[in-house]
>>> print(open('coords-v1.txt').read())   # compact mmCIF, C-alpha atoms
# COMPACT_ATOMS: atom_id res chain seq x y z
CA MET K 1 48.14 138.32 140.54
CA ARG K 2 45.94 136.75 143.19
CA ARG K 3 48.08 138.18 145.98
CA ILE K 4 47.99 141.67 144.49
CA ALA K 5 44.27 141.49 144.18
CA MET K 6 44.11 140.38 147.78
CA LEU K 7 46.26 143.32 148.76
CA ALA K 8 43.88 145.65 147.08
CA SER K 9 40.98 144.18 148.98
CA VAL K 10 42.83 144.56 152.22
CA ALA K 11 43.43 148.20 151.50
CA ALA K 12 39.78 148.69 150.91
CA ALA K 13 39.04 146.99 154.15
CA GLY K 14 41.38 149.23 155.99
CA LEU K 15 39.54 152.22 154.73
CA LEU K 16 36.26 150.87 155.89
CA LEU K 17 37.69 150.11 159.29
CA SER K 18 38.86 153.65 159.57
CA ALA K 19 35.37 154.69 158.88
CA CYS K 20 33.65 152.25 161.18
CA GLY K 21 35.58 151.30 164.19
CA GLY K 22 38.43 151.43 166.63
CA GLY K 23 38.23 154.53 168.77
CA SER K 24 35.12 156.61 169.35
CA ALA K 25 35.86 158.83 166.35
CA VAL K 26 35.84 155.78 164.12
CA GLU K 27 32.71 154.24 165.62
CA ASP K 28 30.72 157.47 165.56
CA ALA K 29 31.77 158.59 162.07
CA ASN K 30 29.21 158.03 159.32
CA PRO K 31 30.26 158.77 155.73
CA SER K 32 26.64 158.83 154.52
CA GLU K 33 26.06 161.84 156.76
CA ALA K 34 29.31 163.60 155.81
CA SER K 35 29.20 167.21 154.66
CA GLY K 36 31.54 170.15 154.39
CA SER K 37 35.17 169.78 153.36
CA VAL K 38 37.70 166.97 153.81
CA GLY K 39 41.30 168.06 154.22
CA VAL K 40 43.67 165.39 152.89
CA PHE K 41 47.42 165.80 153.35
CA THR K 42 49.75 164.21 150.75
CA TRP K 43 53.02 164.87 148.91
CA TRP K 44 51.35 164.35 145.52
CA ALA K 45 51.62 167.97 144.44
CA ASP K 46 52.69 167.77 140.80
CA GLY K 47 53.56 165.57 137.83
CA SER K 48 52.27 162.04 137.41
CA GLU K 49 51.60 161.78 141.16
CA LYS K 50 49.16 164.70 141.00
CA VAL K 51 47.45 163.03 138.02
CA GLY K 52 46.89 159.94 140.15
CA LEU K 53 45.48 161.99 143.03
CA ASP K 54 43.18 163.87 140.65
CA ALA K 55 41.80 160.56 139.34
CA LEU K 56 41.07 159.45 142.90
CA VAL K 57 39.43 162.78 143.77
CA ASP K 58 37.15 162.42 140.73
CA ILE K 59 35.85 159.10 142.12
CA PHE K 60 35.50 160.63 145.58
CA SER K 61 33.42 163.47 144.14
CA GLU K 62 31.18 161.00 142.33
CA GLN K 63 30.66 158.88 145.44
CA TYR K 64 30.25 161.84 147.83
CA PRO K 65 28.93 164.83 145.84
CA ASP K 66 28.09 166.76 149.04
CA LEU K 67 31.72 166.73 150.19
CA LYS K 68 34.44 169.13 149.07
CA PHE K 69 37.98 167.76 148.74
CA ASP K 70 40.53 170.11 150.29
CA ASN K 71 43.96 169.37 148.79
CA LEU K 72 46.65 169.93 151.45
CA ALA K 73 49.54 168.57 149.37
CA VAL K 74 53.13 169.64 150.11
CA ALA K 75 55.66 168.95 147.35
CA GLY K 76 59.19 167.61 147.45
CA GLY K 77 61.59 164.87 148.45
CA ALA K 78 59.33 161.78 148.28
CA GLY K 79 57.39 163.20 151.20
CA SER K 80 60.29 164.41 153.35
CA GLN K 81 59.12 168.03 153.27
CA ALA K 82 55.50 167.00 153.76
CA LYS K 83 56.35 164.83 156.76
CA SER K 84 58.09 167.74 158.47
CA VAL K 85 55.05 169.98 157.99
CA LEU K 86 52.72 167.20 159.10
CA ALA K 87 54.74 166.50 162.25
CA ALA K 88 54.48 170.16 163.24
CA ASN K 89 50.73 170.24 162.59
CA LEU K 90 50.10 167.08 164.59
CA LYS K 91 52.24 168.33 167.48
CA SER K 92 50.29 171.60 167.58
CA GLY K 93 46.95 169.78 167.63
CA ASN K 94 46.03 170.72 164.06
CA PRO K 95 45.60 167.38 162.25
CA PRO K 96 44.11 167.04 158.76
CA ASP K 97 41.13 164.77 158.18
CA SER K 98 43.46 162.18 156.68
CA PHE K 99 47.11 162.04 155.75
CA GLN K 100 49.27 159.94 153.47
CA ALA K 101 51.88 157.66 154.98
CA HIS K 102 53.77 154.62 153.81
CA ALA K 103 52.41 151.35 155.13
CA GLY K 104 54.81 149.56 157.44
CA ALA K 105 57.36 150.80 159.94
CA GLU K 106 56.86 154.46 159.03
CA LEU K 107 53.57 154.46 160.96
CA GLN K 108 55.21 153.35 164.21
CA ASP K 109 56.20 156.85 165.25
CA TYR K 110 52.63 158.16 164.77
CA ILE K 111 51.23 155.17 166.68
CA ALA K 112 53.67 155.61 169.54
CA ALA K 113 52.68 159.28 169.77
CA ASP K 114 48.99 158.26 170.00
CA GLN K 115 48.13 160.31 166.90
CA LEU K 116 46.14 157.69 164.95
CA GLU K 117 42.76 156.06 165.37
CA ASP K 118 42.64 152.26 165.32
CA LEU K 119 40.94 151.17 162.08
CA THR K 120 40.69 147.46 162.87
CA SER K 121 36.89 147.48 163.15
CA PHE K 122 36.69 149.45 159.92
CA TYR K 123 38.51 146.60 158.18
CA GLU K 124 36.22 144.01 159.72
CA ASP K 125 32.99 145.83 158.84
CA ALA K 126 34.16 146.45 155.27
CA LYS K 127 35.52 142.89 154.85
CA LEU K 128 38.86 144.32 153.86
CA ASN K 129 40.65 141.44 155.55
CA GLU K 130 39.21 139.30 152.78
CA ALA K 131 40.04 141.77 150.02
CA PHE K 132 43.71 142.34 150.83
CA PRO K 133 46.46 139.71 150.67
CA LYS K 134 48.08 138.36 153.80
CA ASP K 135 51.50 139.84 152.93
CA LEU K 136 49.92 143.29 152.92
CA LEU K 137 47.85 142.74 156.04
CA ASP K 138 50.92 141.56 157.91
CA ARG K 139 52.74 144.78 157.00
CA LEU K 140 49.76 146.89 158.07
CA THR K 141 49.30 145.25 161.46
CA VAL K 142 51.00 146.63 164.58
CA ASP K 143 50.38 144.76 167.86
CA GLY K 144 47.23 143.25 166.41
CA LYS K 145 45.76 146.54 165.18
CA ILE K 146 45.58 148.30 161.80
CA TYR K 147 45.99 152.06 161.52
CA SER K 148 45.93 152.86 157.80
CA VAL K 149 44.23 151.99 154.52
CA PRO K 150 46.43 151.41 151.44
CA SER K 151 45.47 152.90 148.10
CA ASN K 152 48.04 150.90 146.12
CA ILE K 153 51.18 148.78 146.02
CA HIS K 154 54.41 150.13 144.51
CA ARG K 155 57.63 148.37 143.57
CA ALA K 156 60.94 150.09 144.37
CA ASN K 157 63.45 147.75 142.65
CA VAL K 158 62.84 148.65 139.01
CA VAL K 159 65.35 149.88 136.43
CA TRP K 160 64.00 152.08 133.62
CA ALA K 161 66.19 152.23 130.51
CA ASN K 162 66.31 154.16 127.24
CA VAL K 163 66.17 151.75 124.28
CA ASP K 164 68.15 153.93 121.85
CA VAL K 165 70.94 154.58 124.36
CA LEU K 166 71.34 150.86 125.02
CA LYS K 167 71.44 150.05 121.31
CA LYS K 168 74.01 152.80 120.71
CA ALA K 169 76.27 151.10 123.26
CA GLY K 170 75.83 147.71 121.56
CA LEU K 171 73.50 146.32 124.25
CA ASP K 172 70.30 144.36 123.69
CA PRO K 173 67.42 146.15 125.49
CA ALA K 174 65.56 142.84 125.76
CA LYS K 175 68.41 141.17 127.68
CA PRO K 176 69.16 143.01 130.93
CA ALA K 177 72.15 142.09 133.06
CA ALA K 178 71.65 139.21 135.48
CA ASP K 179 73.67 140.62 138.38
CA LEU K 180 75.53 143.72 139.51
CA ASP K 181 78.88 142.77 137.99
CA ALA K 182 77.28 142.26 134.58
CA TRP K 183 75.34 145.52 134.97
CA PHE K 184 78.50 147.45 135.81
CA ALA K 185 80.11 145.95 132.69
CA ASP K 186 77.15 147.19 130.63
CA MET K 187 77.51 150.63 132.19
CA ASP K 188 81.18 150.68 131.19
CA LYS K 189 80.07 150.21 127.57
CA ILE K 190 77.51 153.00 127.89
CA LYS K 191 80.11 155.30 129.39
CA GLU K 192 82.45 154.54 126.49
CA SER K 193 79.65 155.45 124.06
CA GLY K 194 79.53 158.95 125.54
CA THR K 195 76.34 158.79 127.61
CA THR K 196 75.81 158.93 131.38
CA PRO K 197 75.03 155.36 132.43
CA LEU K 198 72.93 155.92 135.55
CA ALA K 199 70.67 158.86 136.45
CA VAL K 200 70.04 159.68 140.10
CA ALA K 201 68.84 162.76 141.98
CA GLY K 202 69.11 164.03 145.56
CA THR K 203 69.20 162.26 148.90
CA TRP K 204 66.10 160.07 148.91
CA THR K 205 66.73 158.75 145.40
CA GLN K 206 70.29 157.91 146.46
CA VAL K 207 68.89 156.04 149.46
CA GLN K 208 66.63 154.11 147.10
CA LEU K 209 69.62 153.22 144.93
CA PHE K 210 71.51 152.23 148.09
CA GLU K 211 68.71 149.90 149.21
CA ASN K 212 68.63 148.29 145.75
CA ILE K 213 72.37 147.65 145.90
CA LEU K 214 72.01 146.21 149.42
CA LEU K 215 69.24 143.92 148.19
CA ALA K 216 71.18 142.83 145.10
CA THR K 217 74.33 142.11 147.12
CA LEU K 218 72.83 140.51 150.24
CA GLY K 219 69.77 138.79 148.83
CA ALA K 220 66.30 139.02 150.35
CA GLU K 221 67.15 137.22 153.60
CA GLY K 222 70.32 139.22 154.21
CA TYR K 223 68.56 142.47 153.34
CA ASN K 224 65.67 141.73 155.74
CA GLY K 225 68.25 140.92 158.41
CA LEU K 226 69.54 144.48 158.32
CA TRP K 227 66.24 145.62 159.84
CA ASP K 228 65.51 142.75 162.24
CA GLY K 229 69.08 142.44 163.55
CA THR K 230 70.02 139.08 162.02
CA THR K 231 72.44 140.63 159.50
CA ASP K 232 75.51 142.30 160.95
CA TRP K 233 75.93 145.82 159.56
CA ALA K 234 79.64 145.51 160.37
CA GLY K 235 80.02 142.29 158.38
CA ALA K 236 82.07 141.67 155.23
CA ASP K 237 78.96 141.21 153.07
CA VAL K 238 77.76 144.71 153.97
CA THR K 239 81.24 146.06 153.19
CA LYS K 240 80.90 144.50 149.74
CA ALA K 241 77.46 146.05 149.30
CA ILE K 242 78.74 149.52 150.15
CA GLU K 243 81.66 149.03 147.76
CA ASN K 244 79.11 148.12 145.08
CA TYR K 245 77.15 151.25 145.91
CA LYS K 246 80.30 153.33 145.58
CA LYS K 247 80.91 151.82 142.16
CA ALA K 248 77.32 152.50 141.11
CA LEU K 249 77.73 156.17 142.05
CA SER K 250 80.76 156.37 139.76
CA TYR K 251 78.41 155.95 136.79
CA THR K 252 75.94 158.66 137.81
CA ASN K 253 75.31 162.22 136.62
CA SER K 254 77.63 164.80 138.17
CA ASP K 255 74.72 167.12 139.05
CA ARG K 256 72.86 164.49 141.10
CA ASP K 257 72.82 166.49 144.33
CA THR K 258 71.22 169.49 142.61
CA LEU K 259 68.20 167.48 141.44
CA SER K 260 65.73 167.69 144.31
CA ASP K 261 63.29 164.99 143.25
CA TRP K 262 62.91 161.91 141.07
CA GLY K 263 61.29 163.50 138.00
CA PRO K 264 64.39 165.24 136.59
CA ALA K 265 66.47 162.04 136.95
CA THR K 266 63.85 159.99 135.13
CA GLN K 267 63.64 162.74 132.50
CA LEU K 268 67.35 162.22 131.73
CA VAL K 269 66.47 158.67 130.67
CA GLU K 270 63.46 159.84 128.66
CA ASP K 271 65.63 162.39 126.85
CA GLY K 272 68.45 159.94 126.12
CA ALA K 273 70.89 161.84 128.34
CA ALA K 274 71.23 158.76 130.57
CA ALA K 275 70.73 155.06 130.06
CA TYR K 276 69.27 153.84 133.35
CA ASN K 277 67.31 155.10 136.34
CA VAL K 278 66.52 152.99 139.40
CA MET K 279 63.11 154.25 140.44
CA GLY K 280 59.78 153.10 141.80
CA ASP K 281 57.05 152.31 139.35
CA TRP K 282 55.53 155.76 139.63
CA ALA K 283 58.03 156.32 136.81
CA GLU K 284 55.77 154.17 134.61
CA ALA K 285 53.07 156.81 134.91
CA LYS K 286 55.51 159.51 133.79
CA PHE K 287 56.67 157.55 130.74
CA SER K 288 53.08 156.78 129.79
CA GLN K 289 51.79 160.30 130.30
CA ASP K 290 54.71 161.65 128.25
CA GLY K 291 53.68 159.43 125.36
CA LYS K 292 56.57 156.95 125.59
CA LYS K 293 56.00 153.35 124.48
CA PRO K 294 57.32 150.34 126.40
CA GLY K 295 59.65 148.23 124.28
CA GLU K 296 60.10 151.04 121.77
CA ASP K 297 61.21 154.04 123.81
CA TYR K 298 61.99 152.42 127.14
CA VAL K 299 62.29 149.07 128.87
CA TYR K 300 62.03 148.07 132.52
CA PHE K 301 63.35 145.19 134.60
CA PRO K 302 64.15 144.32 138.23
CA THR K 303 67.42 145.81 139.43
CA PRO K 304 70.09 143.28 138.41
CA GLY K 305 70.60 140.80 141.21
CA THR K 306 67.04 141.24 142.54
CA ASP K 307 65.01 139.25 140.02
CA GLY K 308 62.38 137.26 141.91
CA VAL K 309 62.20 139.82 144.73
CA PHE K 310 59.52 142.53 145.01
CA ASP K 311 60.73 145.57 146.98
CA PHE K 312 57.43 146.70 148.45
CA LEU K 313 55.89 149.96 149.57
CA ALA K 314 52.30 151.14 149.72
CA ASP K 315 50.75 154.58 149.96
CA SER K 316 48.17 154.47 152.71
CA PHE K 317 45.84 156.89 154.47
CA THR K 318 44.99 157.36 158.12
CA LEU K 319 42.31 158.75 160.41
CA PRO K 320 44.18 161.09 162.78
CA LYS K 321 42.93 161.57 166.32
CA GLY K 322 41.16 164.90 166.53
CA ALA K 323 40.35 165.02 162.80
CA PRO K 324 38.04 168.01 162.16
CA ASN K 325 35.60 166.02 160.01
CA PRO K 326 35.73 162.30 160.91
CA ASP K 327 32.60 161.61 158.82
CA GLY K 328 34.49 163.03 155.84
CA SER K 329 37.64 161.10 156.79
CA LYS K 330 35.65 157.89 156.72
CA ALA K 331 34.17 158.78 153.34
CA TRP K 332 37.67 159.40 151.94
CA LEU K 333 38.92 156.06 153.28
CA THR K 334 35.88 154.31 151.84
CA THR K 335 36.61 155.75 148.38
CA ILE K 336 40.29 154.81 148.59
CA SER K 337 39.44 151.22 149.43
CA SER K 338 36.70 150.86 146.82
CA VAL K 339 37.18 148.91 143.60
CA ASP K 340 36.41 152.03 141.52
CA GLY K 341 38.79 154.18 143.54
CA GLN K 342 41.66 151.72 143.29
CA GLN K 343 41.02 151.15 139.58
CA ALA K 344 41.11 154.85 138.71
CA PHE K 345 43.99 155.78 140.98
CA ASN K 346 46.37 152.99 140.06
CA ALA K 347 45.70 153.25 136.33
CA ALA K 348 46.99 156.83 136.55
CA LYS K 349 49.71 156.33 139.20
CA GLY K 350 51.62 153.39 137.67
CA SER K 351 51.13 151.25 140.79
CA ILE K 352 48.90 148.22 141.28
CA PRO K 353 45.75 147.88 143.39
CA ALA K 354 45.90 146.64 146.95
CA ARG K 355 42.53 144.96 146.41
CA THR K 356 42.63 141.56 144.72
CA ASP K 357 39.28 141.96 143.00
CA VAL K 358 40.16 144.91 140.76
CA PRO K 359 40.12 143.71 137.11
CA ALA K 360 43.63 143.64 135.67
CA ASP K 361 42.57 143.89 132.04
CA LYS K 362 42.29 147.69 132.20
CA PHE K 363 45.91 148.16 133.29
CA GLY K 364 48.96 148.61 131.10
CA GLU K 365 51.71 146.16 130.26
CA TYR K 366 53.95 147.10 133.16
CA GLN K 367 51.19 146.95 135.76
CA LYS K 368 50.04 143.53 134.59
CA SER K 369 53.60 142.26 134.99
CA ALA K 370 53.84 143.81 138.46
CA ILE K 371 50.59 142.17 139.52
CA GLU K 372 51.97 138.82 138.40
CA ASP K 373 55.33 139.40 140.11
CA PHE K 374 53.74 140.44 143.38
CA SER K 375 51.79 137.19 143.43
CA SER K 376 54.91 135.03 143.05
CA ASP K 377 58.02 136.96 144.16
CA THR K 378 59.61 137.16 147.60
CA ILE K 379 58.34 140.37 149.23
CA VAL K 380 60.70 142.72 151.09
CA SER K 381 60.03 146.17 152.53
CA SER K 382 61.50 149.37 151.09
CA LEU K 383 63.97 151.34 153.20
CA ALA K 384 63.70 154.67 151.37
CA HIS K 385 59.91 154.66 151.48
CA GLY K 386 59.27 153.95 155.12
CA ALA K 387 58.22 150.31 154.95
CA ALA K 388 61.35 148.77 156.51
CA VAL K 389 62.21 151.12 159.38
CA PRO K 390 60.65 153.96 161.42
CA VAL K 391 61.04 157.54 160.25
CA ALA K 392 63.75 158.41 162.78
CA TRP K 393 65.96 155.50 161.67
CA LEU K 394 65.44 156.34 158.01
CA ASN K 395 66.29 160.00 158.59
CA GLU K 396 69.60 159.21 160.28
CA LEU K 397 70.61 156.62 157.70
CA SER K 398 69.61 158.99 154.88
CA THR K 399 71.95 161.62 156.32
CA ALA K 400 74.80 159.07 156.37
CA VAL K 401 74.12 158.01 152.78
CA SER K 402 73.98 161.63 151.64
CA LYS K 403 77.32 162.41 153.30
CA PHE K 404 78.87 159.38 151.59
CA GLY K 405 78.31 160.97 148.18
CA GLY K 406 81.24 163.34 148.77
CA PRO K 407 84.23 161.50 150.23
CA GLN K 408 82.74 158.05 149.49
CA ASP K 409 84.44 156.56 152.54
CA VAL K 410 83.15 152.97 152.70
CA ALA K 411 84.32 152.36 156.27
CA ALA K 412 82.75 155.60 157.52
CA LEU K 413 79.35 154.79 156.01
CA GLN K 414 79.45 151.25 157.35
CA ASP K 415 80.38 152.43 160.84
CA SER K 416 77.60 155.01 160.79
CA ALA K 417 75.00 152.54 159.52
CA ALA K 418 76.01 149.99 162.17
CA SER K 419 75.80 152.55 164.96
CA ILE K 420 72.39 153.75 163.77
CA ALA K 421 71.06 150.19 163.59
CA GLU K 422 72.34 149.40 167.08
CA LYS K 423 70.61 152.50 168.43
CA PHE K 424 67.22 151.62 167.01
CA GLN K 425 67.39 147.86 167.60
CA GLN K 426 67.97 148.17 171.34
>>> encode(input="coords-v1.txt", output="structure tokens")
Amino acid sequence: MRRIAMLASVAAAGLLLSACGGGSAVEDANPSEASGSVGVFTWWADGSEKVGLDALVDIFSEQYPDLKFDNLAVAGGAGSQAKSVLAANLKSGNPPDSFQAHAGAELQDYIAADQLEDLTSFYEDAKLNEAFPKDLLDRLTVDGKIYSVPSNIHRANVVWANVDVLKKAGLDPAKPAADLDAWFADMDKIKESGTTPLAVAGTWTQVQLFENILLATLGAEGYNGLWDGTTDWAGADVTKAIENYKKALSYTNSDRDTLSDWGPATQLVEDGAAAYNVMGDWAEAKFSQDGKKPGEDYVYFPTPGTDGVFDFLADSFTLPKGAPNPDGSKAWLTTISSVDGQQAFNAAKGSIPARTDVPADKFGEYQKSAIEDFSSDTIVSSLAHGAAVPVAWLNELSTAVSKFGGPQDVAALQDSAASIAEKFQQ
């Protein structure tokens, strides 16, 4: 819990840095003098994600009543559509005042293209380095500089399960499987009971399932080695992981490729049409907002084989170079990093604060458990959500994973993944 609180503080600091320092736009910007509109680009366009954004905008409007929030959200694909639109806007010299990005490797492409202001001084002036935990700060820092401010911390290795479906199959909802083999055995029982065992949607949700299977098979050290070059993508342990992924797909809904985003797959679990869904903890917000009760309607647990590991991602916001209203950008970052902003946003979003000083007593059961886990678990970075690798690497690997869903050729996927890793690790 202490580490999560620290993370939240760090996020707040990042926002302040954005506002106060780094390049000239950061140093000159003054949120107290901000006026006009602030264009903020996200992929939180609907559902529980939009509810979280609305809660944050409410705090922003209270803190800066003279500013108008301009919602530039683009829906779809865990941000894949939004990132394409954003890339075109940045290339044409038409940046928003701030844009959402995942903390970690995803930012490297924007940094390399010289599209972001350095927010390091913003963090220092706002004391965000004291508010955020070291694990988070380390993942935000590139060559000694920080370029974004996190609004939250999400966990990507969570299974959400329908209580009634598990009971119908003779399973105890309070006793999840300890590893993949035991989980596959449970899914055999669910299949025999007449229900789809595992709900999944289109490409990015399949990549998230793939990363969970990699993590469960290889362990945290082996999983991290895939990205830093110490684990051989051509090795026998990766072959086993891909075979496990192939088996996991055999339990999924036949219409998976027609479901464009995570909501419909999670809805299958809510409706009792599927038993399990591997999804980030934004799913918690959906269950809660749909009136479902933890322990009664649904249960959650780390993906079998990953207990004790926290698969991390964080939504963060930037100050783009050439932002039309840098004063407003700084105000937005200040709100995001504030205790009130992080409290309101995360309570609605299902995630946990990056700041360590946000009171936990106002959060739900799941979020309290996530705060505790983040403080004690081994932290790894999510592949599907841009924390582990740059966007270009993720895009190529996502294409390979998507193609695998048809022929399910283990050797072909392994060869492709190895070639992609070699290309980006040179």
>>> closest_residue(input="coords-v1.txt", among="K:Leu171, K:Leu249, K:Ala185, K:Ala370", to="Gly406 of chain K", atoms="all atoms listed in the file")
K:Leu249
>>> residues_around(input="coords-v1.txt", residues="Ala55 of chain K", least_positions_apart="4", cutoff="7 Å", atoms="all atoms listed in the file", output="VMD selection string")
chain K and resid 51 59 344 to 345 348
>>> closest_residue(input="coords-v1.txt", among="K:Asp327, K:Glu270, K:Asp164, K:Asp188", to="Leu67 of chain K", atoms="only C-alpha atoms")
K:Asp327
>>> closest_residue(input="coords-v1.txt", among="K:Gly52, K:Thr318, K:Thr196, K:Gly305", to="Ile352 of chain K", atoms="all atoms listed in the file")
K:Gly52
>>> closest_atom_pairs(input="coords-v1.txt", of="segment 51-143 of chain K", to="segment 385-395 of chain K", cutoff="9 Å", atoms="only C-alpha atoms", output="Markdown table")
| residue | atom | partner | partner_atom | distance |
| --- | --- | --- | --- | --- |
| K:Ala78 | CA | K:His385 | CA | 7.8 |
| K:Gly79 | CA | K:His385 | CA | 8.9 |
| K:Ala101 | CA | K:Gly386 | CA | 8.3 |
| K:His102 | CA | K:Gly386 | CA | 5.7 |
| K:Ala103 | CA | K:Ala387 | CA | 5.9 |
| K:Gly104 | CA | K:Ala387 | CA | 4.3 |
| K:Ala105 | CA | K:Pro390 | CA | 4.8 |
| K:Glu106 | CA | K:Pro390 | CA | 4.5 |
| K:Leu107 | CA | K:Pro390 | CA | 7.1 |
| K:Gln108 | CA | K:Pro390 | CA | 6.1 |
| K:Asp109 | CA | K:Pro390 | CA | 6.5 |
| K:Arg139 | CA | K:Ala387 | CA | 8.1 |
>>> write_last_selection(input="coords-v1.txt", atoms="C-alpha atoms", output="mmCIF file, in the coordinates of the input")
data_model
loop_
_atom_site.group_PDB
_atom_site.id
_atom_site.type_symbol
_atom_site.label_atom_id
_atom_site.label_comp_id
_atom_site.auth_asym_id
_atom_site.auth_seq_id
_atom_site.Cartn_x
_atom_site.Cartn_y
_atom_site.Cartn_z
ATOM 1 C CA ALA K 78 59.330 161.780 148.280
ATOM 2 C CA GLY K 79 57.390 163.200 151.200
ATOM 3 C CA ALA K 101 51.880 157.660 154.980
ATOM 4 C CA HIS K 102 53.770 154.620 153.810
ATOM 5 C CA ALA K 103 52.410 151.350 155.130
ATOM 6 C CA GLY K 104 54.810 149.560 157.440
ATOM 7 C CA ALA K 105 57.360 150.800 159.940
ATOM 8 C CA GLU K 106 56.860 154.460 159.030
ATOM 9 C CA LEU K 107 53.570 154.460 160.960
ATOM 10 C CA GLN K 108 55.210 153.350 164.210
ATOM 11 C CA ASP K 109 56.200 156.850 165.250
ATOM 12 C CA ARG K 139 52.740 144.780 157.000
#
>>> atom_distance(input="coords-v1.txt", atom1="atom CA of Lys349 of chain K", atom2="atom CA of Phe41 of chain K")
17.2 Å
>>> atom_distance(input="coords-v1.txt", atom1="atom CA of Asn152 of chain K", atom2="atom CA of Phe60 of chain K")
15.9 Å
>>> closest_residue(input="coords-v1.txt", among="K:Ala113, K:Phe184, K:Ser338, K:Phe69", to="Leu90 of chain K", atoms="all atoms listed in the file")
K:Ala113
>>> residues_near_point(input="coords-v1.txt", point="(65.2, 141.7, 158.3)", cutoff="12 Å", atoms="only C-alpha atoms", output="list in words")
Leu215, Leu218, Gly219, Ala220, Glu221, Gly222, Tyr223, Asn224, Gly225, Leu226, Trp227, Asp228, Gly229, Thr230, Thr231, Asp232, Trp233, Ile379, Val380, Ser381, Ser382, Leu383, Ala387, Ala388, Val389, Ala421 and Gln425 of chain K
>>> closest_residue(input="coords-v1.txt", among="K:Glu211, K:Asp143, K:Glu365, K:Asp377", to="Glu284 of chain K", atoms="only C-alpha atoms")
K:Glu365
>>> residues_near_point(input="coords-v1.txt", point="(57.0, 149.8, 141.3)", cutoff="12 Å", atoms="only C-alpha atoms", output="MDAnalysis selection string")
chainID K and resid 152:160 278:285 300:303 309:315 346 349:353 366:371 373:374 382 385
>>> atom_distance(input="coords-v1.txt", atom1="atom CA of Gly202 of chain K", atom2="atom CA of Phe424 of chain K")
24.9 Å
>>> closest_residue(input="coords-v1.txt", among="K:Gly295, K:Gly93, K:Gly47, K:Pro176", to="Ala323 of chain K", atoms="only C-alpha atoms")
K:Gly93
